[in-house]
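Here is model_22.csv, consisting of CSV, C-alpha atoms:
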chain,number,residue,atom,x,y,z
A,1,MET,CA,16.8,-40.7,-51.6
A,2,LYS,CA,14.4,-37.8,-52.0
A,3,VAL,CA,11.8,-39.7,-50.0
A,4,SER,CA,14.3,-40.3,-47.2
A,5,ARG,CA,15.3,-36.6,-47.1
A,6,LEU,CA,11.6,-35.6,-47.1
A,7,PHE,CA,10.9,-38.0,-44.3
A,8,GLY,CA,13.8,-36.7,-42.3
A,9,LYS,CA,12.7,-33.1,-42.7
A,10,THR,CA,9.1,-34.0,-41.6
A,11,ILE,CA,10.5,-35.7,-38.4
A,12,GLY,CA,12.7,-32.6,-37.8
A,13,PHE,CA,9.8,-30.2,-38.2
A,14,ASP,CA,7.6,-32.4,-35.9
A,15,LEU,CA,10.2,-32.5,-33.2
A,16,ALA,CA,10.8,-28.7,-33.4
A,17,ALA,CA,7.0,-28.1,-33.3
A,18,ARG,CA,6.7,-30.3,-30.2
A,19,ALA,CA,9.6,-28.5,-28.5
A,20,VAL,CA,8.0,-25.1,-29.2
A,21,LEU,CA,4.7,-26.4,-27.8
A,22,LEU,CA,6.3,-27.8,-24.7
A,23,SER,CA,8.2,-24.5,-24.1
A,24,CYS,CA,4.9,-22.6,-24.5
A,25,LEU,CA,3.1,-24.9,-22.0
A,26,ILE,CA,5.9,-24.6,-19.4
A,27,GLY,CA,5.9,-20.8,-19.9
A,28,ALA,CA,2.1,-20.6,-19.5
A,29,ALA,CA,2.2,-22.7,-16.4
A,30,ALA,CA,4.9,-20.5,-14.8
A,31,TRP,CA,3.0,-17.3,-15.8
A,32,ALA,CA,-0.2,-18.7,-14.3
A,33,CYS,CA,1.6,-19.6,-11.1
A,34,ALA,CA,3.1,-16.1,-10.9
A,35,GLN,CA,-0.3,-14.5,-11.6
A,36,SER,CA,-2.0,-16.5,-8.9
A,37,GLY,CA,0.6,-15.2,-6.4
A,38,ALA,CA,1.4,-18.8,-5.3
A,39,MET,CA,5.1,-18.3,-5.6
A,40,THR,CA,6.5,-17.2,-2.2
A,41,PRO,CA,8.9,-14.2,-2.0
A,42,TYR,CA,10.4,-15.6,1.2
A,43,GLN,CA,13.3,-18.0,1.6
A,44,ASP,CA,12.6,-21.3,3.3
A,45,GLU,CA,8.8,-20.9,2.8
A,46,THR,CA,6.9,-23.3,0.6
A,47,ASP,CA,5.0,-21.9,-2.4
A,48,GLY,CA,1.4,-21.2,-1.6
A,49,VAL,CA,-1.6,-23.5,-2.0
A,50,SER,CA,-5.2,-22.6,-2.1
A,51,ALA,CA,-6.8,-22.2,1.3
A,52,GLY,CA,-10.2,-21.6,-0.3
A,53,GLY,CA,-11.6,-18.7,-2.2
A,54,LYS,CA,-8.9,-16.1,-3.0
A,55,TRP,CA,-6.8,-17.1,0.0
A,56,LEU,CA,-3.3,-18.7,-0.2
A,57,GLU,CA,-1.6,-20.8,2.5
A,58,PHE,CA,2.2,-20.9,3.0
A,59,HIS,CA,4.3,-23.1,5.3
A,60,SER,CA,7.7,-22.8,6.9
A,61,SER,CA,9.4,-23.6,10.2
A,62,ASP,CA,11.6,-21.7,12.6
A,63,LYS,CA,15.2,-22.9,12.1
A,64,MET,CA,16.1,-22.5,15.8
A,65,THR,CA,13.0,-23.5,17.7
A,66,GLY,CA,11.3,-25.8,15.1
A,67,ALA,CA,8.1,-23.9,15.5
A,68,LYS,CA,5.6,-24.6,12.7
A,69,LYS,CA,4.7,-21.4,10.8
A,70,VAL,CA,1.7,-20.9,8.6
A,71,ARG,CA,0.9,-17.7,6.7
A,72,PHE,CA,-2.4,-16.9,5.0
A,73,GLU,CA,-2.6,-14.2,2.4
A,74,ILE,CA,-5.4,-12.6,0.4
A,75,GLN,CA,-4.9,-9.9,-2.2
A,76,ALA,CA,-7.3,-7.1,-2.9
A,77,ASP,CA,-9.5,-7.1,-6.0
A,78,ASN,CA,-8.1,-3.7,-7.0
A,79,TYR,CA,-4.8,-1.7,-7.1
A,80,PHE,CA,-3.9,1.7,-5.6
A,81,ARG,CA,-3.1,4.5,-8.0
A,82,GLU,CA,0.7,4.6,-7.3
A,83,ASP,CA,1.4,1.0,-8.2
A,84,PRO,CA,-0.8,-0.9,-10.7
A,85,GLU,CA,1.5,-4.0,-10.5
A,86,TYR,CA,1.1,-4.7,-6.7
A,87,LYS,CA,-2.2,-5.2,-5.1
A,88,PRO,CA,-2.9,-4.4,-1.4
A,89,ARG,CA,-3.0,-7.6,0.7
A,90,VAL,CA,-3.6,-9.0,4.2
A,91,ASN,CA,-1.3,-11.5,5.8
A,92,LEU,CA,-2.1,-13.6,8.8
A,93,SER,CA,1.0,-15.2,10.4
A,94,CYS,CA,0.6,-18.1,12.9
A,95,ASN,CA,3.1,-20.0,14.9
A,96,ASP,CA,2.4,-23.4,16.5
A,97,GLY,CA,-1.3,-23.0,16.2
A,98,LYS,CA,-1.7,-19.4,17.4
A,99,LEU,CA,-2.0,-16.1,15.5
A,100,LYS,CA,1.2,-14.2,15.9
A,101,TRP,CA,0.4,-11.1,13.9
A,102,ALA,CA,-1.9,-9.8,11.1
A,103,ASP,CA,-1.0,-7.0,8.8
A,104,PHE,CA,-2.5,-4.9,6.1
A,105,ASN,CA,0.0,-4.1,3.3
A,106,PRO,CA,-1.3,-1.4,0.9
A,107,GLY,CA,1.6,-1.8,-1.5
A,108,VAL,CA,2.3,1.9,-1.4
A,109,ARG,CA,3.9,4.3,1.1
A,110,LEU,CA,1.5,5.2,3.9
A,111,ALA,CA,0.5,8.6,5.0
A,112,PRO,CA,2.1,9.7,8.3
A,113,PRO,CA,0.5,8.5,11.5
A,114,ASN,CA,-2.5,10.6,12.5
A,115,ARG,CA,-3.1,9.4,16.1
A,116,PRO,CA,-1.3,7.8,19.1
A,117,GLY,CA,-2.2,4.3,20.4
A,118,PHE,CA,-2.8,3.4,24.0
A,119,TRP,CA,0.9,3.2,24.7
A,120,GLY,CA,1.7,6.2,22.6
A,121,GLN,CA,2.7,4.1,19.5
A,122,PRO,CA,2.1,5.7,16.1
A,123,GLN,CA,-1.2,4.7,14.5
A,124,LEU,CA,-3.1,5.4,11.4
A,125,GLU,CA,-6.9,5.7,11.6
A,126,VAL,CA,-8.6,3.7,8.9
A,127,MET,CA,-12.3,3.0,8.1
A,128,VAL,CA,-13.1,-0.7,7.9
A,129,ARG,CA,-16.2,-2.3,6.3
A,130,VAL,CA,-17.0,-5.9,7.1
A,131,ASP,CA,-20.2,-6.9,5.2
A,132,ASP,CA,-22.8,-4.3,6.3
A,133,ALA,CA,-20.9,-3.0,9.3
A,134,HIS,CA,-18.4,-0.1,9.1
A,135,TYR,CA,-16.3,1.5,11.8
A,136,PHE,CA,-13.0,3.3,12.5
A,137,LYS,CA,-9.9,1.6,13.8
A,138,GLY,CA,-6.4,2.8,14.8
A,139,TRP,CA,-3.9,0.4,13.4
A,140,ASN,CA,-0.2,0.5,14.4
A,141,TRP,CA,1.9,2.2,11.8
A,142,MET,CA,4.9,0.0,10.9
A,143,ARG,CA,7.7,1.9,9.2
A,144,GLY,CA,5.3,3.6,6.8
A,145,ARG,CA,4.9,0.3,4.8
A,146,PHE,CA,2.1,-1.7,6.5
A,147,LEU,CA,-0.4,-1.5,9.4
A,148,SER,CA,-0.8,-4.0,12.2
A,149,MET,CA,-4.4,-5.1,12.3
A,150,ASP,CA,-6.5,-5.9,15.5
A,151,LYS,CA,-7.7,-9.4,16.1
A,152,GLY,CA,-11.4,-8.4,16.2
A,153,THR,CA,-11.2,-7.1,12.6
A,154,VAL,CA,-9.4,-10.2,11.5
A,155,ARG,CA,-12.1,-12.5,13.0
A,156,GLY,CA,-14.8,-10.4,11.3
A,157,MET,CA,-12.9,-10.5,8.0
A,158,ILE,CA,-12.4,-14.3,7.8
A,159,GLY,CA,-16.2,-14.9,8.1
A,160,SER,CA,-17.3,-12.1,5.7
A,161,LYS,CA,-18.1,-11.8,2.1
A,162,VAL,CA,-17.1,-8.1,1.8
A,163,PHE,CA,-14.1,-6.5,3.4
A,164,LYS,CA,-12.8,-3.0,2.6
A,165,VAL,CA,-10.2,-0.7,4.1
A,166,GLU,CA,-10.2,3.0,3.4
A,167,LEU,CA,-7.1,4.9,4.4
A,168,PRO,CA,-5.2,8.1,3.7
A,169,THR,CA,-2.2,7.6,1.4
A,170,ARG,CA,0.3,10.1,0.0
A,171,SER,CA,-2.0,10.6,-3.0
A,172,GLY,CA,-5.3,10.9,-1.1
A,173,ARG,CA,-7.8,8.5,0.5
A,174,GLN,CA,-8.1,5.1,-1.3
A,175,ILE,CA,-10.1,2.0,-0.7
A,176,ALA,CA,-8.7,-1.6,-0.8
A,177,GLU,CA,-11.5,-4.0,-1.7
A,178,PHE,CA,-11.3,-7.7,-0.8
A,179,SER,CA,-13.5,-10.8,-1.4
A,180,PRO,CA,-12.6,-13.0,1.6
A,181,ALA,CA,-15.5,-15.5,1.2
A,182,GLY,CA,-14.5,-19.2,0.7
A,183,LEU,CA,-11.7,-19.4,3.2
A,184,ASN,CA,-11.4,-22.9,4.7
A,185,LEU,CA,-12.4,-22.1,8.3
A,186,ASP,CA,-11.3,-25.5,9.6
A,187,ARG,CA,-7.7,-24.8,8.3
A,188,ILE,CA,-7.5,-21.4,9.9
A,189,LYS,CA,-8.9,-22.7,13.1
A,190,GLN,CA,-6.3,-25.5,13.2
A,191,ALA,CA,-3.3,-23.3,12.1
A,192,CYS,CA,-4.2,-20.0,13.9
A,193,ASP,CA,-6.9,-20.8,16.5
A,194,LEU,CA,-9.1,-18.2,14.8
A,195,THR,CA,-12.9,-18.4,14.4
A,196,PRO,CA,-15.2,-15.9,12.7
A,197,LYS,CA,-17.0,-13.3,14.7
A,198,LYS,CA,-19.4,-10.6,13.7
A,199,PRO,CA,-17.7,-7.2,14.1
A,200,SER,CA,-18.3,-5.0,17.0
A,201,THR,CA,-18.4,-1.3,16.3
A,202,ASP,CA,-17.6,-0.2,19.9
What do you get writing this file as structure tokens?
Amino acid sequence: MKVSRLFGKTIGFDLAARAVLLSCLIGAAAWACAQSGAMTPYQDETDGVSAGGKWLEFHSSDKMTGAKKVRFEIQADNYFREDPEYKPRVNLSCNDGKLKWADFNPGVRLAPPNRPGFWGQPQLEVMVRVDDAHYFKGWNWMRGRFLSMDKGTVRGMIGSKVFKVELPTRSGRQIAEFSPAGLNLDRIKQACDLTPKKPSTD
């Protein structure tokens, strides 16, 4: 009888230990997934998969037109002072094989616009570094939350090893530092019709 009880307790402890281990493994997997940024914040978009290097690729489709949408995202290597939980990031959104828009999201409120664009639209002047080249660009200021990037800078970035953006924020000038090397260039060519190009400083 004592042996039977002891045996039963041993099995019970073994099952409990396995349940705890399984819970820990599931929790660790979910945490790792969240840390990698692979979980999408958008409804009807698939969770991200690696597009090479630090890039993630997300897929969705337009419910009305059926257009195939692909979004590429890369997060910065650093945080801005105001929010240590949200890294600056670049998003490239493509519809049916063409780049639709590219934006730089600093993760913090932007400083007010400091220059007009060609059509009078509000812009924020930023300094950009692509590998060894650096230059100034006026990017369209979108509701104080993100900046619309120009296609030339995007093409320079996807083929570079170093990409940095310096911009004024409400707590002073800050630099977002990216490591874009490793992007699968065949994927972005197919999804967005984008090819790398060395930056022009004119």
*With a distance cut-off of 8 Å and all atoms listed in the file, select the neighbouring residues of Ser160 in chain A, excluding the residue or stretch itself and same-chain residues fewer than 2 positions from it, and output the selection as a list of chain:residue names.*
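So the residues in contact are A:Val130, A:Asp131, A:Gly156, A:Met157, A:Ile158, A:Val162, A:Phe163, A:Pro180, A:Ala181.
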Can you list every residue of range 62-167 of chain A that has an atom at most 7 Å from range 172-179 of chain A, with its nearest atom pair and the distance in Å to one decimal, using all atoms listed in the file, ordered by chain then number, as a tab-separated table?
residue	atom	partner	partner_atom	distance
A:Gln75	CA	A:Phe178	CA	6.9
A:Ala76	CA	A:Phe178	CA	4.6
A:Asp77	CA	A:Phe178	CA	5.5
A:Asn78	CA	A:Glu177	CA	6.3
A:Phe80	CA	A:Gln174	CA	6.9
A:Pro88	CA	A:Ala176	CA	6.5
A:Lys161	CA	A:Ser179	CA	5.9
A:Val162	CA	A:Ser179	CA	5.5
A:Phe163	CA	A:Phe178	CA	5.2
A:Lys164	CA	A:Glu177	CA	4.6
A:Val165	CA	A:Ala176	CA	5.2
A:Glu166	CA	A:Ile175	CA	4.2
A:Leu167	CA	A:Arg173	CA	5.4
What's the 8 Å shell around range 46-59 of chain A, counting all atoms listed in the file, without same-chain residues fewer than 3 positions away, as a short mmCIF file (atom, residue, chain, number, x, y, z; two decimals) with C-alpha atoms, in the frame of the given file?
data_model
loop_
_atom_site.label_atom_id
_atom_site.label_comp_id
_atom_site.auth_asym_id
_atom_site.auth_seq_id
_atom_site.Cartn_x
_atom_site.Cartn_y
_atom_site.Cartn_z
CA GLY A 37 0.60 -15.20 -6.40
CA ALA A 38 1.40 -18.80 -5.30
CA MET A 39 5.10 -18.30 -5.60
CA THR A 40 6.50 -17.20 -2.20
CA LYS A 68 5.60 -24.60 12.70
CA LYS A 69 4.70 -21.40 10.80
CA VAL A 70 1.70 -20.90 8.60
CA ARG A 71 0.90 -17.70 6.70
CA PHE A 72 -2.40 -16.90 5.00
CA GLU A 73 -2.60 -14.20 2.40
CA ILE A 74 -5.40 -12.60 0.40
CA GLN A 75 -4.90 -9.90 -2.20
CA SER A 179 -13.50 -10.80 -1.40
CA PRO A 180 -12.60 -13.00 1.60
CA ALA A 181 -15.50 -15.50 1.20
CA GLY A 182 -14.50 -19.20 0.70
CA LEU A 183 -11.70 -19.40 3.20
CA ASN A 184 -11.40 -22.90 4.70
CA ARG A 187 -7.70 -24.80 8.30
#
*At what distance in Å, to one decimal, does CA of Asp186 in chain A lie from CA of Gly138 in chain A?*
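CA of Gly138 in chain A sits 29.2 Å away from CA of Asp186 in chain A.
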*Provide the CA of Lys151 in chain A to CA of Ala102 in chain A distance in Å, to one decimal place.*
7.7 Å
_For a test of reading the model, state the distance in Å between CA of Asp44 in chain A and CA of Trp101 in chain A, rounded to one decimal._
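Between CA of Asp44 in chain A and CA of Trp101 in chain A the gap is 19.1 Å.
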*asked:* When you look at Trp139 in chain A with a cut-off of 12 Å (counting all atoms listed in the file), what residues show up, excluding the ones that are within fewer than 5 positions of it in the same chain? I need them as a PyMOL selection string.
replied: chain A and resi 102-105+110+113-118+121-128+144+146-153+165+167
_Measuring between all atoms listed in the file, which one of A:Glu85, A:Asn95, A:Gly120, A:Tyr135 shows the shortest distance to Thr65 in chain A?_
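Checking each candidate against Thr65 in chain A, we get A:Asn95 as the closest.
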_Just checking: using only C-alpha atoms, which residue out of A:Arg129, A:Arg145, A:Arg89, A:Lys100 ends up closest to Cys192 in chain A?_
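Nearest candidate to Cys192 in chain A out of A:Arg129, A:Arg145, A:Arg89, A:Lys100: A:Lys100.
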For range 181-198 of chain A, where the input has fewer atoms than it should, I would like N, CA and C atoms rebuilt and written as a PDB file, in the coordinates of the input.
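Writing the result to rebuild17.pdb gives the following:
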ATOM      1  N   ALA A 181     -14.637 -14.346   1.059  1.00  0.00           N
ATOM      2  CA  ALA A 181     -15.500 -15.500   1.200  1.00  0.00           C
ATOM      3  C   ALA A 181     -14.778 -16.756   0.591  1.00  0.00           C
ATOM      4  N   GLY A 182     -15.063 -17.912   1.176  1.00  0.00           N
ATOM      5  CA  GLY A 182     -14.500 -19.200   0.700  1.00  0.00           C
ATOM      6  C   GLY A 182     -13.335 -19.704   1.438  1.00  0.00           C
ATOM      7  N   LEU A 183     -12.805 -18.924   2.403  1.00  0.00           N
ATOM      8  CA  LEU A 183     -11.700 -19.400   3.200  1.00  0.00           C
ATOM      9  C   LEU A 183     -12.073 -20.681   3.946  1.00  0.00           C
ATOM     10  N   ASN A 184     -11.175 -21.671   3.945  1.00  0.00           N
ATOM     11  CA  ASN A 184     -11.400 -22.900   4.700  1.00  0.00           C
ATOM     12  C   ASN A 184     -11.265 -22.613   6.176  1.00  0.00           C
ATOM     13  N   LEU A 185     -12.390 -22.478   6.865  1.00  0.00           N
ATOM     14  CA  LEU A 185     -12.400 -22.100   8.300  1.00  0.00           C
ATOM     15  C   LEU A 185     -11.785 -23.142   9.179  1.00  0.00           C
ATOM     16  N   ASP A 186     -11.885 -24.414   8.772  1.00  0.00           N
ATOM     17  CA  ASP A 186     -11.300 -25.500   9.600  1.00  0.00           C
ATOM     18  C   ASP A 186      -9.731 -25.340   9.547  1.00  0.00           C
ATOM     19  N   ARG A 187      -9.166 -24.963   8.382  1.00  0.00           N
ATOM     20  CA  ARG A 187      -7.700 -24.800   8.300  1.00  0.00           C
ATOM     21  C   ARG A 187      -7.227 -23.658   9.131  1.00  0.00           C
ATOM     22  N   ILE A 188      -7.945 -22.541   9.107  1.00  0.00           N
ATOM     23  CA  ILE A 188      -7.500 -21.400   9.900  1.00  0.00           C
ATOM     24  C   ILE A 188      -7.687 -21.586  11.371  1.00  0.00           C
ATOM     25  N   LYS A 189      -8.678 -22.371  11.723  1.00  0.00           N
ATOM     26  CA  LYS A 189      -8.900 -22.700  13.100  1.00  0.00           C
ATOM     27  C   LYS A 189      -7.731 -23.586  13.616  1.00  0.00           C
ATOM     28  N   GLN A 190      -7.345 -24.566  12.797  1.00  0.00           N
ATOM     29  CA  GLN A 190      -6.300 -25.500  13.200  1.00  0.00           C
ATOM     30  C   GLN A 190      -4.904 -24.768  13.191  1.00  0.00           C
ATOM     31  N   ALA A 191      -4.646 -23.902  12.205  1.00  0.00           N
ATOM     32  CA  ALA A 191      -3.300 -23.300  12.100  1.00  0.00           C
ATOM     33  C   ALA A 191      -3.159 -22.049  12.956  1.00  0.00           C
ATOM     34  N   CYS A 192      -4.259 -21.339  13.246  1.00  0.00           N
ATOM     35  CA  CYS A 192      -4.200 -20.000  13.900  1.00  0.00           C
ATOM     36  C   CYS A 192      -5.057 -19.918  15.159  1.00  0.00           C
ATOM     37  N   ASP A 193      -5.898 -20.919  15.413  1.00  0.00           N
ATOM     38  CA  ASP A 193      -6.900 -20.800  16.500  1.00  0.00           C
ATOM     39  C   ASP A 193      -7.792 -19.615  16.319  1.00  0.00           C
ATOM     40  N   LEU A 194      -8.200 -19.377  15.071  1.00  0.00           N
ATOM     41  CA  LEU A 194      -9.100 -18.200  14.800  1.00  0.00           C
ATOM     42  C   LEU A 194     -10.450 -18.744  14.323  1.00  0.00           C
ATOM     43  N   THR A 195     -11.487 -18.116  14.854  1.00  0.00           N
ATOM     44  CA  THR A 195     -12.900 -18.400  14.400  1.00  0.00           C
ATOM     45  C   THR A 195     -13.525 -17.107  14.030  1.00  0.00           C
ATOM     46  N   PRO A 196     -14.482 -17.150  13.098  1.00  0.00           N
ATOM     47  CA  PRO A 196     -15.200 -15.900  12.700  1.00  0.00           C
ATOM     48  C   PRO A 196     -16.004 -15.324  13.813  1.00  0.00           C
ATOM     49  N   LYS A 197     -16.131 -14.022  13.769  1.00  0.00           N
ATOM     50  CA  LYS A 197     -17.000 -13.300  14.700  1.00  0.00           C
ATOM     51  C   LYS A 197     -17.516 -12.072  14.102  1.00  0.00           C
ATOM     52  N   LYS A 198     -18.818 -11.831  14.270  1.00  0.00           N
ATOM     53  CA  LYS A 198     -19.400 -10.600  13.700  1.00  0.00           C
ATOM     54  C   LYS A 198     -18.732  -9.406  14.348  1.00  0.00           C
TER      55      LYS A 198
END
